[in-house]
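Engineer: Below you'll find model.cif; it's mmCIF, C-alpha atoms and all ligand atoms.
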```
data_structure
#
loop_
_atom_site.label_atom_id
_atom_site.label_comp_id
_atom_site.auth_asym_id
_atom_site.auth_seq_id
_atom_site.Cartn_x
_atom_site.Cartn_y
_atom_site.Cartn_z
CA MET A 13 30.26 -13.32 -6.75
CA THR A 14 28.06 -14.70 -4.06
CA PRO A 15 24.40 -15.27 -4.90
CA ALA A 16 23.49 -12.52 -2.46
CA ALA A 17 25.43 -9.97 -4.47
CA ASP A 18 23.31 -10.79 -7.52
CA ALA A 19 20.02 -10.72 -5.65
CA PRO A 20 17.58 -8.02 -6.77
CA ARG A 21 17.80 -4.99 -4.53
CA ALA A 22 15.32 -2.71 -2.82
CA ALA A 23 14.92 0.72 -4.42
CA VAL A 24 12.98 3.94 -4.04
CA PHE A 25 10.72 4.90 -6.93
CA LEU A 26 10.07 8.63 -6.82
CA ASP A 27 7.43 10.64 -8.56
CA ARG A 28 8.81 13.87 -10.04
CA ASP A 29 6.28 16.73 -10.17
CA GLY A 30 4.90 17.59 -6.74
CA THR A 31 7.35 15.24 -5.06
CA LEU A 32 10.93 16.13 -6.12
CA VAL A 33 10.09 19.48 -7.65
CA GLU A 34 7.16 21.83 -7.38
CA ASP A 35 4.18 20.89 -9.50
CA VAL A 36 3.79 23.91 -11.77
CA GLY A 37 1.19 22.32 -14.00
CA TYR A 38 2.94 21.31 -17.18
CA LEU A 39 6.63 22.07 -16.67
CA ASP A 40 7.52 23.40 -20.12
CA THR A 41 10.48 25.67 -19.48
CA LEU A 42 13.54 25.22 -17.29
CA ALA A 43 12.88 28.61 -15.71
CA ARG A 44 9.90 27.01 -13.94
CA LEU A 45 11.90 24.08 -12.54
CA ALA A 46 11.80 24.53 -8.76
CA VAL A 47 13.49 21.83 -6.70
CA PHE A 48 12.09 21.63 -3.16
CA PRO A 49 14.66 22.86 -0.62
CA TRP A 50 14.89 19.41 1.06
CA THR A 51 15.12 17.32 -2.10
CA VAL A 52 18.92 17.13 -2.41
CA ASP A 53 19.44 16.14 1.23
CA ALA A 54 16.65 13.56 1.11
CA ILE A 55 18.07 11.85 -1.98
CA ARG A 56 21.58 11.91 -0.58
CA ALA A 57 20.30 10.19 2.60
CA LEU A 58 18.74 7.44 0.47
CA ASN A 59 21.97 7.13 -1.54
CA GLN A 60 23.93 6.75 1.68
CA ALA A 61 21.69 3.82 2.62
CA ALA A 62 22.67 2.24 -0.73
CA LEU A 63 19.13 2.53 -2.06
CA PRO A 64 18.94 3.21 -5.80
CA VAL A 65 16.62 6.15 -6.41
CA VAL A 66 14.63 5.91 -9.63
CA VAL A 67 12.28 8.58 -10.96
CA ILE A 68 9.00 7.31 -12.46
CA THR A 69 6.98 10.14 -14.00
CA ASN A 70 3.93 10.64 -16.20
CA GLN A 71 4.75 13.29 -18.81
CA SER A 72 1.57 13.43 -20.86
CA GLY A 73 2.56 16.97 -21.88
CA ILE A 74 4.59 15.23 -24.59
CA ALA A 75 1.48 13.58 -26.06
CA ARG A 76 -0.43 16.83 -25.60
CA GLY A 77 2.18 18.70 -27.66
CA TYR A 78 3.22 21.03 -24.80
CA PHE A 79 6.88 19.94 -24.86
CA THR A 80 9.14 17.31 -26.36
CA GLU A 81 10.96 14.25 -25.09
CA ALA A 82 14.19 16.20 -25.63
CA PHE A 83 12.93 18.87 -23.22
CA VAL A 84 12.06 16.26 -20.58
CA GLU A 85 15.54 14.80 -20.93
CA GLU A 86 17.11 18.24 -20.67
CA THR A 87 15.06 18.84 -17.51
CA HIS A 88 16.45 15.63 -16.03
CA ARG A 89 20.03 16.62 -16.88
CA THR A 90 19.43 19.95 -15.14
CA LEU A 91 18.03 18.18 -12.09
CA ASP A 92 21.05 15.87 -12.10
CA ALA A 93 23.41 18.84 -12.03
CA THR A 94 21.57 20.34 -9.04
CA LEU A 95 21.71 17.01 -7.23
CA ALA A 96 25.37 16.40 -8.08
CA ALA A 97 26.29 19.76 -6.52
CA GLY A 98 24.88 18.32 -3.27
CA ARG A 99 26.45 14.86 -3.80
CA ALA A 100 23.06 13.26 -4.46
CA ARG A 101 22.22 11.00 -7.37
CA ILE A 102 19.23 9.65 -9.26
CA ALA A 103 20.07 6.22 -10.71
CA ALA A 104 17.68 6.52 -13.66
CA TYR A 105 14.67 8.40 -14.99
CA TYR A 106 11.72 6.69 -16.65
CA TYR A 107 8.85 8.71 -18.09
CA CYS A 108 5.61 7.92 -19.86
CA PRO A 109 5.11 10.26 -22.86
CA HIS A 110 1.66 8.91 -23.73
CA HIS A 111 -1.95 9.94 -23.28
CA PRO A 112 -5.07 8.48 -24.88
CA ALA A 113 -6.30 12.02 -25.69
CA GLY A 114 -2.95 13.31 -26.94
CA VAL A 115 -2.69 15.45 -30.06
CA VAL A 116 0.68 14.04 -31.16
CA ALA A 117 -0.27 10.85 -32.98
CA ALA A 118 2.90 8.97 -32.10
CA TYR A 119 2.09 9.27 -28.39
CA ARG A 120 -1.71 8.99 -28.50
CA GLN A 121 -2.37 5.63 -26.93
CA GLN A 122 -3.63 3.71 -23.96
CA CYS A 123 -0.33 2.41 -22.64
CA GLY A 124 0.89 0.26 -19.80
CA CYS A 125 3.48 2.76 -18.64
CA ARG A 126 1.29 5.68 -17.54
CA LYS A 127 0.97 5.46 -13.77
CA PRO A 128 -0.76 3.66 -12.14
CA GLY A 129 0.38 1.26 -14.86
CA ARG A 130 3.42 -0.70 -13.77
CA ALA A 131 5.47 -0.96 -16.99
CA LEU A 132 8.05 1.70 -16.07
CA VAL A 133 8.75 0.04 -12.73
CA ASP A 134 9.11 -3.31 -14.48
CA ARG A 135 11.51 -1.78 -17.01
CA ALA A 136 13.60 -0.23 -14.23
CA ALA A 137 13.59 -3.42 -12.20
CA GLN A 138 14.83 -5.39 -15.18
CA ALA A 139 17.55 -2.88 -16.12
CA LEU A 140 18.83 -2.22 -12.61
CA ASN A 141 18.16 -5.60 -10.95
CA LEU A 142 15.62 -4.27 -8.46
CA ASP A 143 13.03 -6.09 -6.38
CA ALA A 144 9.87 -4.00 -6.39
CA THR A 145 8.37 -6.02 -3.55
CA GLN A 146 11.15 -4.80 -1.23
CA SER A 147 10.91 -1.26 -2.55
CA PHE A 148 9.11 2.00 -1.87
CA VAL A 149 7.05 4.33 -4.06
CA VAL A 150 6.83 7.99 -3.05
CA GLY A 151 4.39 10.34 -4.74
CA ASP A 152 1.78 13.05 -4.30
CA LYS A 153 -1.15 11.31 -6.02
CA TRP A 154 -3.30 8.26 -5.45
CA ALA A 155 -1.99 6.98 -8.78
CA ASP A 156 1.42 6.68 -7.11
CA VAL A 157 -0.12 4.71 -4.24
CA GLU A 158 -1.95 2.50 -6.75
CA LEU A 159 1.33 1.88 -8.55
CA ALA A 160 2.92 0.78 -5.28
CA ARG A 161 0.04 -1.62 -4.67
CA ALA A 162 0.32 -3.00 -8.22
CA VAL A 163 4.00 -3.87 -7.83
CA GLY A 164 3.89 -4.94 -4.18
CA ALA A 165 5.93 -2.00 -2.88
CA ARG A 166 5.26 0.16 0.13
CA ALA A 167 3.46 3.44 -0.63
CA ILE A 168 4.22 6.85 0.82
CA LEU A 169 1.99 9.78 -0.05
CA VAL A 170 3.60 13.21 0.39
CA ARG A 171 1.49 16.29 1.13
CA THR A 172 3.43 18.49 -1.31
CA GLY A 173 2.05 19.03 -4.82
CA SER A 174 -1.45 17.53 -4.96
CA GLY A 175 -0.85 15.42 -1.86
CA ALA A 176 -2.71 17.53 0.69
CA VAL A 177 -5.77 17.59 -1.56
CA GLU A 178 -5.47 13.87 -2.30
CA GLU A 179 -5.31 13.15 1.44
CA ARG A 180 -8.69 14.84 1.91
CA ARG A 181 -10.22 12.77 -0.90
CA PRO A 182 -9.54 9.18 0.13
CA ARG A 183 -10.09 6.42 -2.40
CA PRO A 184 -12.14 3.46 -1.23
CA GLY A 185 -9.95 0.43 -0.78
CA LEU A 186 -6.71 2.33 -1.30
CA ALA A 187 -4.44 3.38 1.55
CA ALA A 188 -0.84 4.53 1.75
CA ASP A 189 1.52 2.94 4.25
CA ALA A 190 2.41 6.46 5.35
CA VAL A 191 1.24 10.00 4.64
CA VAL A 192 3.98 12.53 5.40
CA ASP A 193 4.64 16.22 4.82
CA ASN A 194 7.32 15.99 2.17
CA LEU A 195 10.15 14.00 0.60
CA ALA A 196 12.44 14.60 3.59
CA ALA A 197 9.92 12.92 5.89
CA ALA A 198 9.39 10.17 3.32
CA ALA A 199 13.13 9.44 3.24
CA SER A 200 13.20 9.25 7.05
CA TRP A 201 10.23 6.87 7.03
CA ILE A 202 11.93 4.66 4.45
CA LEU A 203 15.19 4.51 6.41
CA MET A 204 13.24 3.46 9.51
CA HIS A 205 11.35 0.75 7.62
CA LEU A 206 14.17 -0.87 5.62
CA ASN A 207 14.26 -4.63 5.85
CA PRO A 208 17.46 -5.71 7.58
MG MG B 301 3.23 14.11 -8.92
ZN ZN B 302 2.99 5.33 -21.47
#
```
Give the structure from this file in structure tokens form.

Structural biologist:
Amino acid sequence: MTPAADAPRAAVFLDRDGTLVEDVGYLDTLARLAVFPWTVDAIRALNQAALPVVVITNQSGIARGYFTEAFVEETHRTLDATLAAGRARIAAYYYCPHHPAGVVAAYRQQCGCRKPGRALVDRAAQALNLDATQSFVVGDKWADVELARAVGARAILVRTGSGAVEERRPRPGLAADAVVDNLAAAASWILMHLNP
């Protein structure tokens, strides 16, 4: 293998709720899982550009006792099946189950993996040989933009989910590289801004 083949790769780190699927509050039943109509095509376009797509999601509903880790994993298997039907693929899912005010003792903690903490991106980068500084973070909250800044990635805020509200409430000293309508537009922006 040439050194280049081993070099860490660019990736796309995607938020889940409000970005890939509708943000329904705490998604606690599969009946409420609503994939945006453009999600499959957008992920397939990123796949075709050989960009690993990794989901990074805060799931404090686990710490709050609203649902279990098993449910979150079942949700991700269901999403995978929807994507596979459209020949699109998520390389891996990483979720933070914690919250400092959780009611489930095992998950009640101040952690490094709840966004904007960077631990999930670091874990993914290690496992999948990714270079966060060449990568992109897409999400609907300023916490996603902050995560991008923390890891040296480019940040794209989508207006779906909380994004339109977030856009109207700018955070001093924090700016996205792009603010776009949805994940389809984010994928287009990424494909136009890939390093050669
Ligand atoms: Mg979100
Ligand atoms: Zn955590």

Engineer: With only C-alpha atoms counted, which protein, DNA or RNA residues have an atom no more than 12 Å from (11.3, -6.1, -2.9) in the file frame? Please answer as a list in words.

Structural biologist: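 Taken together, the residues in range are Ala19, Pro20, Arg21, Ala22, Ala23, Val24, Phe25, Leu63, Val133, Ala137, Asn141, Leu142, Asp143, Ala144, Thr145, Gln146, Ser147, Phe148, Val149, Ala160, Val163, Gly164, Ala165, Arg166, Leu206 and Asn207 of chain A.
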
Engineer: Neighbours of ligand ZN 302 (chain B) at 9 Å or closer, counting only C-alpha atoms and all ligand atoms: which residues, as a list in words?

Structural biologist: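 My answer, listing the contacting residues, is Asn70, Gln71, Ser72, Tyr107, Cys108, Pro109, His110, His111, Tyr119, Gln121, Gln122, Cys123, Gly124, Cys125, Arg126, Lys127, Gly129, Ala131 and Leu132 of chain A.
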
Engineer: Which chain A residues have any atom within 7 Å of an atom of ligand MG 301 (chain B), and for each, what is the nearest pair of atoms with distance in Å to one decimal, counting all atoms listed in the file, rows sorted by chain and number, as a Markdown table?

Structural biologist:
```
| residue | atom | partner | partner_atom | distance |
| --- | --- | --- | --- | --- |
| A:Asp27 | CA | B:MG301 | MG | 5.5 |
| A:Arg28 | CA | B:MG301 | MG | 5.7 |
| A:Asp29 | CA | B:MG301 | MG | 4.2 |
| A:Gly30 | CA | B:MG301 | MG | 4.4 |
| A:Thr31 | CA | B:MG301 | MG | 5.8 |
| A:Asp35 | CA | B:MG301 | MG | 6.9 |
| A:Gly151 | CA | B:MG301 | MG | 5.7 |
| A:Asp152 | CA | B:MG301 | MG | 5.0 |
| A:Lys153 | CA | B:MG301 | MG | 6.0 |
| A:Gly173 | CA | B:MG301 | MG | 6.5 |
```

Engineer: May I ask which of the residues A:Ile68, A:Ala176, A:Asp18, A:Arg76 is the closest one to Asp134 in chain A, counting all atoms listed in the file?

Structural biologist: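 Result for the nearest residue to Asp134 in chain A: A:Ile68.
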
Engineer: Tell me which protein, DNA and RNA residues are within 7 Å of range 52-55 of chain A, counting all atoms listed in the file, leaving out same-chain ones fewer than 3 positions away, and put them as a PyMOL selection string.

Structural biologist: chain A and resi 58-59+95+98+100-101+195-196+199

Engineer: Which residues come within 9 Å of Thr80 in chain A, counting all atoms listed in the file, excluding same-chain residues fewer than 6 positions away, as a PDB file with C-alpha atoms, in the frame of the given file?

Structural biologist:
```pdb
ATOM      1  CA  ASP A  40       7.520  23.400 -20.120  1.00  0.00           C
ATOM      2  CA  GLY A  73       2.560  16.970 -21.880  1.00  0.00           C
ATOM      3  CA  ILE A  74       4.590  15.230 -24.590  1.00  0.00           C
ATOM      4  CA  PRO A 109       5.110  10.260 -22.860  1.00  0.00           C
TER       5      PRO A 109
END
```

Engineer: What's the separation between CA of Ala113 in chain A and CA of Val84 in chain A, in Å to one decimal place?

Structural biologist: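 Calculated distance between CA of Ala113 in chain A and CA of Val84 in chain A is 19.5 Å.
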
Engineer: For each of A:Leu203, A:Val33, A:Val170, A:Val65, take the minimum atom-to-atom distance to Tyr105 in chain A, counting only C-alpha atoms, then give the residue where this is smallest.

Structural biologist: A:Val65

Engineer: Could you please determine the separation between CA of Tyr78 in chain A and CA of Ala155 in chain A in Å, to one decimal place?

Structural biologist: 21.9 Å

Engineer: With distances taken over only C-alpha atoms, which residue among A:Gln138, A:Asp92, A:Val66, A:Asp193 lies nearest Gly175 in chain A?

Structural biologist: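 Nearest candidate to Gly175 in chain A out of A:Gln138, A:Asp92, A:Val66, A:Asp193: A:Asp193.
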
Engineer: Which value, in Å to one decimal, gives the distance between CA of Leu91 in chain A and CA of Pro112 in chain A?

Structural biologist: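 A separation of 28.1 Å between them.
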
Engineer: Pick out the residues sitting within 9 Å of Ala46 in chain A, and hand them over as a CSV table (one decimal) with C-alpha atoms, in the frame of the given file; count only C-alpha atoms, and ignore anything fewer than 3 positions along from it in its own chain.

Structural biologist:
```
chain,number,residue,atom,x,y,z
A,32,LEU,CA,10.9,16.1,-6.1
A,33,VAL,CA,10.1,19.5,-7.6
A,34,GLU,CA,7.2,21.8,-7.4
A,35,ASP,CA,4.2,20.9,-9.5
A,36,VAL,CA,3.8,23.9,-11.8
A,42,LEU,CA,13.5,25.2,-17.3
A,43,ALA,CA,12.9,28.6,-15.7
A,49,PRO,CA,14.7,22.9,-0.6
```
